[in-house]
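S.K.: Quick one: this structure, given as structure tokens, is what I'll be asking you about.
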Amino acid sequence: MTQLDARIWLAEHGDYLFRVARRQLHSDEEAEDAVQETLLAALAARERYAGDSSPRTWLTGILKHKIVDLIRRNVREVEIPRDAEGEEAVDALFKRDGHWAEPLRPWGNPQTEAELSQLRRVLDDCADRLKPVMAQVFSLREVAGMETEEICKELGITPTNCWVLLHRARLFLRECLELNGFSGGALS
Amino acid sequence: MRWMPTCREATELASREMDERLSLLDRLGLKMHLAICRNCRRFTVQLEEMRRLFRIETAADDDTPGLDPEARRRIESELHSKLDA
């Protein structure tokens, strides 16, 4: 096994692992690092791989841990509640009395595969524009599907900070989608 | 006592409800607000829509770029050096 296995993993699952990592990490370099660390860890642990799941499933499991590790490294030392800039950006979306500053338009329902794939690309671009910590909390929650409690524990932040970040991330993404033409039917 | 949330507060509650169960009071407040506010109803629909779009393709679709050839070579040589060691 060994050398051959590692080569096959990279050849057969490298692109897949990279795409999964890239959606969560928002930079090519970090996603490449995650893939590399995953394959190295897999190599080191190959005796423990019993073969009762497919190699891809096994590798993806390792990748998830690596992604969380990378994110945890990134969020250290970040003071979220004092992020006045984020608060100001939220202020801009609402009037002083708490009403929406602009009415929301309904979204269309993308039907074809092409529409969906275009929408995903806009969504990913918008996610890349989120502030790093916000993007990471959001990724763990929505892409990796982790529970907020687990995220707080992993990242060492309070539940309140978690909710504030998720709320802002969702407001900004929604706004970004609308500004990028997603409204009233499909992308225009 | 002010028990009806504003739009801004309602978006906070709606966002939190995506992540955990709200208290009875918060749930009622949000429900009442949504009953009278079309913008916030749209907001909650859009939150669900965004979640769906993010989760569907966690497996990543094939038209996004894969591993860069340069990075692939780098990773391969890294794997080799570990194997030789």
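Labels for the structure tokens follow display order: chains A, B, ..., residues from 1 in each chain, ligands from 1.
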Excluding Ser77 in chain B and its own-chain neighbours fewer than 4 positions away, which residues fall within 12 Å of it when counting only C-alpha atoms? Please give them as a short mmCIF file (atom, residue, chain, number, x, y, z; two decimals) with N, CA and C atoms, in the first residue's frame.
M.R.:
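Wrote it out as part-v3.cif, contents follow:
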data_model
loop_
_atom_site.label_atom_id
_atom_site.label_comp_id
_atom_site.auth_asym_id
_atom_site.auth_seq_id
_atom_site.Cartn_x
_atom_site.Cartn_y
_atom_site.Cartn_z
N GLN A 3 2.90 4.24 -0.50
CA GLN A 3 3.16 5.25 -1.51
C GLN A 3 2.08 5.26 -2.59
N ALA A 6 -1.27 6.80 -1.26
CA ALA A 6 -1.26 8.26 -1.12
C ALA A 6 -1.39 8.92 -2.48
N ARG A 7 -0.71 8.34 -3.47
CA ARG A 7 -0.79 8.88 -4.83
C ARG A 7 -2.20 8.77 -5.38
N LEU A 10 -4.57 11.31 -3.78
CA LEU A 10 -4.41 12.65 -4.35
C LEU A 10 -5.02 12.72 -5.74
N GLN A 36 -3.49 19.09 1.90
CA GLN A 36 -2.18 18.51 2.19
C GLN A 36 -2.15 17.88 3.58
N LEU A 39 -4.11 14.62 3.69
CA LEU A 39 -3.44 13.46 3.10
C LEU A 39 -2.28 12.99 3.96
N LEU A 40 -1.56 13.93 4.57
CA LEU A 40 -0.46 13.54 5.44
C LEU A 40 -0.99 12.80 6.67
N GLU B 70 -0.03 23.30 -9.77
CA GLU B 70 1.14 23.66 -8.98
C GLU B 70 1.01 23.11 -7.55
N ALA B 71 -0.16 23.35 -6.95
CA ALA B 71 -0.41 22.88 -5.58
C ALA B 71 -0.40 21.37 -5.53
N ARG B 72 -0.93 20.75 -6.57
CA ARG B 72 -0.96 19.29 -6.62
C ARG B 72 0.46 18.72 -6.58
N ARG B 73 1.33 19.34 -7.38
CA ARG B 73 2.73 18.89 -7.39
C ARG B 73 3.37 19.07 -6.02
N SER B 81 8.16 13.03 0.46
CA SER B 81 9.23 13.24 1.44
C SER B 81 8.86 12.58 2.77
N LYS B 82 7.56 12.58 3.09
CA LYS B 82 7.12 11.91 4.32
C LYS B 82 7.29 10.39 4.21
N LEU B 83 7.05 9.89 3.01
CA LEU B 83 7.14 8.44 2.82
C LEU B 83 8.57 7.95 2.85
N ASP B 84 9.47 8.80 2.32
CA ASP B 84 10.87 8.40 2.27
C ASP B 84 11.51 8.48 3.64
#
S.K.: For Ala14 in chain B, find every residue with an atom within 9 Å (counting only C-alpha atoms), except residues of its own chain fewer than 2 positions away, and show them as a ChimeraX atom specification.
M.R.: /A:167 /B:9-12,16-18,30,40,43-44,47
S.K.: Go ahead and write the selection's residues with C-alpha atoms as a CSV table (one decimal), in the first residue's frame.
M.R.:
chain,number,residue,atom,x,y,z
A,167,HIS,CA,-27.1,37.3,12.4
B,9,GLU,CA,-35.0,42.7,16.5
B,10,ALA,CA,-37.2,40.3,14.6
B,11,THR,CA,-34.3,39.5,12.2
B,12,GLU,CA,-32.1,38.7,15.3
B,16,ARG,CA,-31.3,32.7,16.2
B,17,GLU,CA,-34.3,30.4,15.5
B,18,MET,CA,-32.3,28.9,12.7
B,30,LEU,CA,-41.4,36.9,16.5
B,40,CYS,CA,-39.6,40.2,7.8
B,43,PHE,CA,-36.5,37.7,5.3
B,44,THR,CA,-37.3,34.4,7.0
B,47,LEU,CA,-32.8,32.7,5.4
S.K.: Compute the set of chain A residues within 8 Å of chain B, using only C-alpha atoms, and express it as a PyMOL selection string.
M.R.: chain A and resi 2-3+6-7+10+14-16+18-20+23+32+36+39-40+94+97-100+103-107+120+142-145+147-148+163-164+166-167+170+174
S.K.: Can you spit out the residues from that selection as a CSV table (one decimal), in the first residue's frame, using N, CA and C atoms?
M.R.:
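Ended up saving to selection.csv:
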chain,number,residue,atom,x,y,z
A,2,THR,N,0.9,2.0,1.0
A,2,THR,CA,1.6,3.3,1.3
A,2,THR,C,1.7,4.2,0.1
A,3,GLN,N,2.9,4.2,-0.5
A,3,GLN,CA,3.2,5.3,-1.5
A,3,GLN,C,2.1,5.3,-2.6
A,6,ALA,N,-1.3,6.8,-1.3
A,6,ALA,CA,-1.3,8.3,-1.1
A,6,ALA,C,-1.4,8.9,-2.5
A,7,ARG,N,-0.7,8.3,-3.5
A,7,ARG,CA,-0.8,8.9,-4.8
A,7,ARG,C,-2.2,8.8,-5.4
A,10,LEU,N,-4.6,11.3,-3.8
A,10,LEU,CA,-4.4,12.7,-4.3
A,10,LEU,C,-5.0,12.7,-5.7
A,14,GLY,N,-8.3,14.4,-4.7
A,14,GLY,CA,-7.7,15.7,-4.5
A,14,GLY,C,-8.6,16.9,-4.9
A,15,ASP,N,-9.2,16.8,-6.1
A,15,ASP,CA,-10.1,17.9,-6.5
A,15,ASP,C,-11.3,18.0,-5.6
A,16,TYR,N,-11.9,16.8,-5.3
A,16,TYR,CA,-13.1,16.8,-4.4
A,16,TYR,C,-12.7,17.4,-3.1
A,18,PHE,N,-10.4,19.4,-2.3
A,18,PHE,CA,-10.1,20.9,-2.4
A,18,PHE,C,-11.4,21.7,-2.5
A,19,ARG,N,-12.4,21.2,-3.3
A,19,ARG,CA,-13.6,21.9,-3.4
A,19,ARG,C,-14.4,22.0,-2.1
A,20,VAL,N,-14.4,20.9,-1.4
A,20,VAL,CA,-15.1,20.9,-0.1
A,20,VAL,C,-14.4,22.0,0.8
A,23,ARG,N,-14.9,25.8,-0.1
A,23,ARG,CA,-16.2,26.4,0.3
A,23,ARG,C,-16.2,26.9,1.7
A,32,GLU,N,-5.7,24.5,0.0
A,32,GLU,CA,-4.6,23.6,-0.4
A,32,GLU,C,-3.9,23.0,0.8
A,36,GLN,N,-3.5,19.1,1.9
A,36,GLN,CA,-2.2,18.5,2.2
A,36,GLN,C,-2.2,17.9,3.6
A,39,LEU,N,-4.1,14.6,3.7
A,39,LEU,CA,-3.4,13.5,3.1
A,39,LEU,C,-2.3,13.0,4.0
A,40,LEU,N,-1.6,13.9,4.6
A,40,LEU,CA,-0.5,13.5,5.4
A,40,LEU,C,-1.0,12.8,6.7
A,94,PHE,N,-31.1,49.3,8.6
A,94,PHE,CA,-32.4,49.6,9.3
A,94,PHE,C,-32.5,51.1,9.6
A,97,ASP,N,-35.8,53.7,14.0
A,97,ASP,CA,-36.8,53.1,14.8
A,97,ASP,C,-36.9,51.6,14.6
A,98,GLY,N,-35.9,51.0,13.9
A,98,GLY,CA,-35.8,49.5,13.8
A,98,GLY,C,-36.5,48.9,12.6
A,99,HIS,N,-37.1,49.8,11.8
A,99,HIS,CA,-37.7,49.3,10.6
A,99,HIS,C,-36.7,49.1,9.5
A,100,TRP,N,-36.9,48.2,8.5
A,100,TRP,CA,-36.0,48.0,7.4
A,100,TRP,C,-35.9,49.4,6.7
A,103,PRO,N,-37.5,48.2,1.5
A,103,PRO,CA,-38.3,47.0,1.5
A,103,PRO,C,-37.6,45.9,0.8
A,104,LEU,N,-37.9,44.7,1.3
A,104,LEU,CA,-37.3,43.5,0.7
A,104,LEU,C,-38.1,43.0,-0.5
A,105,ARG,N,-37.4,42.6,-1.5
A,105,ARG,CA,-38.1,42.0,-2.7
A,105,ARG,C,-38.1,40.5,-2.5
A,106,PRO,N,-39.2,39.9,-3.0
A,106,PRO,CA,-39.2,38.4,-2.9
A,106,PRO,C,-38.2,37.9,-3.9
A,107,TRP,N,-37.7,36.7,-3.6
A,107,TRP,CA,-36.7,36.0,-4.5
A,107,TRP,C,-37.5,35.1,-5.4
A,120,ARG,N,-25.2,29.7,-7.0
A,120,ARG,CA,-24.2,29.2,-6.0
A,120,ARG,C,-22.9,30.0,-6.1
A,142,GLU,N,-23.4,26.7,8.5
A,142,GLU,CA,-24.2,26.4,7.3
A,142,GLU,C,-23.6,25.4,6.4
A,143,VAL,N,-22.3,25.4,6.2
A,143,VAL,CA,-21.7,24.5,5.3
A,143,VAL,C,-21.4,23.1,5.9
A,144,ALA,N,-20.7,23.2,7.1
A,144,ALA,CA,-20.4,22.0,7.8
A,144,ALA,C,-21.5,21.4,8.6
A,145,GLY,N,-22.6,22.3,8.9
A,145,GLY,CA,-23.7,21.9,9.6
A,145,GLY,C,-23.5,21.6,11.1
A,147,GLU,N,-23.5,22.3,15.2
A,147,GLU,CA,-24.4,23.0,16.1
A,147,GLU,C,-23.7,24.2,16.7
A,148,THR,N,-24.4,25.3,17.0
A,148,THR,CA,-23.8,26.5,17.5
A,148,THR,C,-23.0,26.2,18.8
A,163,TRP,N,-24.2,34.1,18.0
A,163,TRP,CA,-25.5,34.6,17.4
A,163,TRP,C,-25.3,35.9,16.7
A,164,VAL,N,-24.6,36.8,17.3
A,164,VAL,CA,-24.3,38.1,16.7
A,164,VAL,C,-23.7,37.9,15.3
A,166,LEU,N,-23.6,35.3,13.4
A,166,LEU,CA,-24.5,34.6,12.4
A,166,LEU,C,-25.5,35.5,11.9
A,167,HIS,N,-26.1,36.3,12.8
A,167,HIS,CA,-27.1,37.3,12.4
A,167,HIS,C,-26.5,38.3,11.4
A,170,ARG,N,-25.8,36.6,8.0
A,170,ARG,CA,-27.0,36.3,7.2
A,170,ARG,C,-27.5,37.6,6.6
A,174,ARG,N,-27.6,38.2,2.5
A,174,ARG,CA,-28.9,38.5,1.9
A,174,ARG,C,-28.8,39.8,1.0
S.K.: Within 7 Å of range 26-29 of chain A, counting only C-alpha atoms, which residues qualify if same-chain residues fewer than 4 places away don't, as a ChimeraX atom specification?
M.R.: /A:22,33,128
S.K.: Can I get the selection written as a PDB file, in the first residue's frame, with C-alpha atoms?
M.R.:
ATOM      1  CA  ARG A  22     -12.506  25.856  -0.508  1.00  0.00           C
ATOM      2  CA  ASP A  33      -3.072  23.423   3.081  1.00  0.00           C
ATOM      3  CA  ASP A 128     -15.876  35.317   0.426  1.00  0.00           C
TER       4      ASP A 128
END
S.K.: So that I can check the surroundings of Glu154 in chain A, please list as a list in words every protein, DNA and RNA residue that reaches within 9 Å of it, counting only C-alpha atoms and ignoring chain neighbours fewer than 3 positions away.
M.R.: Val68, Asp69, Arg72, Glu149, Glu150, Ile151 and Ile157 of chain A
S.K.: Quick one, how far is CA of Asn180 in chain A from CA of Glu87 in chain A?
M.R.: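 Between these atoms lies a distance of 22.1 Å.
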S.K.: Give the helix (DSSP H, G or I) residues of range 54-176 of chain A, as assigned by DSSP on the backbone, as a compact mmCIF listing (two decimals) with N, CA and C atoms, in the first residue's frame.
M.R.:
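Okay, result-v5.txt is ready:
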# COMPACT_ATOMS: atom_id res chain seq x y z
N PRO A 55 -12.78 5.26 0.79
CA PRO A 55 -11.65 6.17 1.06
C PRO A 55 -12.10 7.63 1.08
N ARG A 56 -13.03 7.98 0.17
CA ARG A 56 -13.46 9.37 0.09
C ARG A 56 -14.14 9.81 1.39
N THR A 57 -15.01 8.95 1.91
CA THR A 57 -15.70 9.26 3.16
C THR A 57 -14.69 9.39 4.30
N TRP A 58 -13.76 8.47 4.32
CA TRP A 58 -12.74 8.48 5.36
C TRP A 58 -11.91 9.77 5.28
N LEU A 59 -11.46 10.11 4.07
CA LEU A 59 -10.65 11.32 3.88
C LEU A 59 -11.45 12.58 4.21
N THR A 60 -12.73 12.60 3.83
CA THR A 60 -13.55 13.77 4.10
C THR A 60 -13.70 13.99 5.61
N GLY A 61 -13.82 12.89 6.34
CA GLY A 61 -13.90 12.98 7.81
C GLY A 61 -12.65 13.63 8.39
N ILE A 62 -11.48 13.21 7.89
CA ILE A 62 -10.23 13.82 8.36
C ILE A 62 -10.19 15.29 7.96
N LEU A 63 -10.62 15.57 6.73
CA LEU A 63 -10.60 16.95 6.23
C LEU A 63 -11.42 17.88 7.13
N LYS A 64 -12.57 17.41 7.60
CA LYS A 64 -13.41 18.25 8.46
C LYS A 64 -12.65 18.71 9.70
N HIS A 65 -11.92 17.76 10.30
CA HIS A 65 -11.13 18.14 11.48
C HIS A 65 -10.06 19.17 11.13
N LYS A 66 -9.42 18.96 9.99
CA LYS A 66 -8.36 19.89 9.57
C LYS A 66 -8.94 21.29 9.32
N ILE A 67 -10.12 21.33 8.74
CA ILE A 67 -10.75 22.62 8.47
C ILE A 67 -11.05 23.34 9.77
N VAL A 68 -11.61 22.61 10.73
CA VAL A 68 -11.92 23.22 12.02
C VAL A 68 -10.63 23.71 12.69
N ASP A 69 -9.55 22.91 12.58
CA ASP A 69 -8.25 23.34 13.13
C ASP A 69 -7.80 24.66 12.53
N LEU A 70 -7.87 24.74 11.20
CA LEU A 70 -7.43 25.95 10.51
C LEU A 70 -8.27 27.15 10.92
N ILE A 71 -9.57 26.94 11.01
CA ILE A 71 -10.46 28.03 11.39
C ILE A 71 -10.17 28.47 12.82
N ARG A 72 -9.93 27.49 13.67
CA ARG A 72 -9.66 27.83 15.07
C ARG A 72 -8.41 28.69 15.17
N ARG A 73 -7.39 28.34 14.39
CA ARG A 73 -6.17 29.14 14.38
C ARG A 73 -6.46 30.57 13.95
N ASN A 74 -7.35 30.72 12.96
CA ASN A 74 -7.66 32.04 12.43
C ASN A 74 -8.41 32.93 13.40
N VAL A 75 -9.32 32.35 14.15
CA VAL A 75 -10.18 33.20 14.97
C VAL A 75 -9.56 33.62 16.28
N ALA A 84 -17.01 47.44 15.80
CA ALA A 84 -17.98 48.51 15.57
C ALA A 84 -18.36 48.61 14.10
N GLU A 85 -17.42 48.26 13.26
CA GLU A 85 -17.67 48.36 11.82
C GLU A 85 -18.83 47.46 11.40
N GLY A 86 -18.82 46.25 11.95
CA GLY A 86 -19.90 45.33 11.65
C GLY A 86 -21.24 45.87 12.11
N GLU A 87 -21.22 46.47 13.28
CA GLU A 87 -22.44 47.04 13.85
C GLU A 87 -22.95 48.18 12.97
N GLU A 88 -22.02 48.99 12.49
CA GLU A 88 -22.43 50.10 11.63
C GLU A 88 -23.05 49.61 10.33
N ALA A 89 -22.49 48.53 9.82
CA ALA A 89 -23.03 47.99 8.58
C ALA A 89 -24.46 47.49 8.79
N VAL A 90 -24.72 46.95 9.98
CA VAL A 90 -26.10 46.53 10.28
C VAL A 90 -26.99 47.76 10.42
N ASP A 91 -26.46 48.81 11.10
CA ASP A 91 -27.23 50.05 11.26
C ASP A 91 -27.73 50.57 9.92
N GLU A 113 -30.58 23.68 -13.59
CA GLU A 113 -29.26 23.42 -13.00
C GLU A 113 -28.33 24.60 -13.26
N ALA A 114 -28.47 25.21 -14.44
CA ALA A 114 -27.61 26.34 -14.78
C ALA A 114 -27.89 27.53 -13.86
N GLU A 115 -29.19 27.78 -13.60
CA GLU A 115 -29.55 28.89 -12.70
C GLU A 115 -29.00 28.64 -11.30
N LEU A 116 -29.15 27.41 -10.84
CA LEU A 116 -28.68 27.06 -9.51
C LEU A 116 -27.18 27.23 -9.39
N SER A 117 -26.49 26.78 -10.42
CA SER A 117 -25.05 26.83 -10.35
C SER A 117 -24.55 28.27 -10.42
N GLN A 118 -25.26 29.12 -11.18
CA GLN A 118 -24.91 30.54 -11.22
C GLN A 118 -25.14 31.19 -9.86
N LEU A 119 -26.26 30.82 -9.26
CA LEU A 119 -26.60 31.37 -7.96
C LEU A 119 -25.59 30.97 -6.90
N ARG A 120 -25.16 29.71 -6.96
CA ARG A 120 -24.15 29.24 -6.02
C ARG A 120 -22.88 30.04 -6.11
N ARG A 121 -22.51 30.35 -7.37
CA ARG A 121 -21.28 31.10 -7.56
C ARG A 121 -21.39 32.49 -6.93
N VAL A 122 -22.54 33.16 -7.14
CA VAL A 122 -22.75 34.48 -6.53
C VAL A 122 -22.72 34.35 -5.01
N LEU A 123 -23.37 33.31 -4.52
CA LEU A 123 -23.44 33.10 -3.07
C LEU A 123 -22.03 32.89 -2.50
N ASP A 124 -21.22 32.11 -3.19
CA ASP A 124 -19.86 31.87 -2.72
C ASP A 124 -19.02 33.14 -2.78
N ASP A 125 -19.22 33.94 -3.85
CA ASP A 125 -18.50 35.22 -3.93
C ASP A 125 -18.88 36.11 -2.76
N CYS A 126 -20.17 36.15 -2.46
CA CYS A 126 -20.64 36.97 -1.35
C CYS A 126 -20.05 36.46 -0.03
N ALA A 127 -20.02 35.14 0.13
CA ALA A 127 -19.48 34.56 1.36
C ALA A 127 -18.00 34.90 1.51
N ASP A 128 -17.29 34.95 0.38
CA ASP A 128 -15.88 35.32 0.43
C ASP A 128 -15.67 36.75 0.90
N PRO A 132 -13.46 37.74 7.96
CA PRO A 132 -12.99 36.38 8.22
C PRO A 132 -13.72 35.63 9.35
N VAL A 133 -13.81 36.22 10.53
CA VAL A 133 -14.42 35.46 11.63
C VAL A 133 -15.87 35.14 11.34
N MET A 134 -16.55 36.14 10.78
CA MET A 134 -17.96 35.96 10.48
C MET A 134 -18.11 34.83 9.46
N ALA A 135 -17.25 34.87 8.43
CA ALA A 135 -17.31 33.86 7.39
C ALA A 135 -17.08 32.48 7.97
N GLN A 136 -16.18 32.40 8.93
CA GLN A 136 -15.84 31.08 9.46
C GLN A 136 -16.92 30.51 10.35
N VAL A 137 -17.49 31.37 11.19
CA VAL A 137 -18.61 30.89 12.01
C VAL A 137 -19.74 30.46 11.10
N PHE A 138 -19.99 31.27 10.08
CA PHE A 138 -21.06 30.96 9.14
C PHE A 138 -20.80 29.63 8.41
N SER A 139 -19.57 29.43 7.97
CA SER A 139 -19.23 28.19 7.27
C SER A 139 -19.43 26.97 8.14
N LEU A 140 -18.96 27.08 9.38
CA LEU A 140 -19.10 25.93 10.27
C LEU A 140 -20.57 25.59 10.48
N ARG A 141 -21.37 26.64 10.58
CA ARG A 141 -22.79 26.43 10.82
C ARG A 141 -23.53 25.93 9.57
N GLU A 142 -23.37 26.66 8.49
CA GLU A 142 -24.21 26.37 7.32
C GLU A 142 -23.60 25.37 6.35
N VAL A 143 -22.31 25.39 6.22
CA VAL A 143 -21.71 24.45 5.26
C VAL A 143 -21.38 23.13 5.94
N THR A 148 -24.44 25.31 17.00
CA THR A 148 -23.77 26.52 17.53
C THR A 148 -22.99 26.22 18.81
N GLU A 149 -23.55 25.36 19.63
CA GLU A 149 -22.86 25.03 20.89
C GLU A 149 -21.46 24.46 20.62
N GLU A 150 -21.42 23.58 19.62
CA GLU A 150 -20.16 22.95 19.23
C GLU A 150 -19.20 24.00 18.66
N ILE A 151 -19.75 24.93 17.88
CA ILE A 151 -18.92 25.99 17.28
C ILE A 151 -18.30 26.86 18.36
N CYS A 152 -19.14 27.27 19.33
CA CYS A 152 -18.65 28.10 20.44
C CYS A 152 -17.49 27.40 21.13
N LYS A 153 -17.68 26.12 21.39
CA LYS A 153 -16.67 25.37 22.11
C LYS A 153 -15.39 25.28 21.29
N GLU A 154 -15.55 24.95 20.02
CA GLU A 154 -14.39 24.83 19.14
C GLU A 154 -13.61 26.14 19.04
N LEU A 155 -14.34 27.23 18.93
CA LEU A 155 -13.68 28.51 18.66
C LEU A 155 -13.43 29.33 19.92
N PRO A 159 -21.78 32.04 23.30
CA PRO A 159 -22.96 31.85 22.44
C PRO A 159 -23.49 33.18 21.90
N THR A 160 -23.46 34.21 22.72
CA THR A 160 -23.96 35.51 22.27
C THR A 160 -23.15 36.00 21.07
N ASN A 161 -21.83 35.88 21.16
CA ASN A 161 -21.00 36.28 20.02
C ASN A 161 -21.34 35.48 18.77
N CYS A 162 -21.58 34.22 18.99
CA CYS A 162 -21.94 33.33 17.88
C CYS A 162 -23.21 33.82 17.19
N TRP A 163 -24.24 34.14 17.97
CA TRP A 163 -25.50 34.59 17.39
C TRP A 163 -25.34 35.92 16.69
N VAL A 164 -24.57 36.83 17.30
CA VAL A 164 -24.34 38.14 16.69
C VAL A 164 -23.67 37.95 15.33
N LEU A 165 -22.65 37.09 15.30
CA LEU A 165 -21.92 36.87 14.05
C LEU A 165 -22.80 36.23 12.99
N LEU A 166 -23.59 35.25 13.39
CA LEU A 166 -24.46 34.57 12.42
C LEU A 166 -25.53 35.53 11.90
N HIS A 167 -26.08 36.34 12.80
CA HIS A 167 -27.09 37.31 12.39
C HIS A 167 -26.52 38.28 11.36
N ARG A 168 -25.34 38.82 11.66
CA ARG A 168 -24.71 39.75 10.72
C ARG A 168 -24.39 39.07 9.40
N ALA A 169 -23.82 37.88 9.49
CA ALA A 169 -23.45 37.17 8.26
C ALA A 169 -24.67 36.97 7.37
N ARG A 170 -25.79 36.59 7.99
CA ARG A 170 -26.99 36.32 7.20
C ARG A 170 -27.53 37.62 6.59
N LEU A 171 -27.52 38.71 7.38
CA LEU A 171 -27.99 39.99 6.85
C LEU A 171 -27.13 40.42 5.66
N PHE A 172 -25.82 40.29 5.81
CA PHE A 172 -24.92 40.75 4.75
C PHE A 172 -25.03 39.88 3.49
N LEU A 173 -25.15 38.59 3.70
CA LEU A 173 -25.26 37.70 2.53
C LEU A 173 -26.53 38.00 1.75
N ARG A 174 -27.61 38.21 2.49
CA ARG A 174 -28.88 38.50 1.86
C ARG A 174 -28.77 39.78 1.03
N GLU A 175 -28.17 40.78 1.66
CA GLU A 175 -27.98 42.07 1.01
C GLU A 175 -27.10 41.93 -0.24
N CYS A 176 -26.03 41.17 -0.07
CA CYS A 176 -25.08 40.97 -1.17
C CYS A 176 -25.75 40.26 -2.34
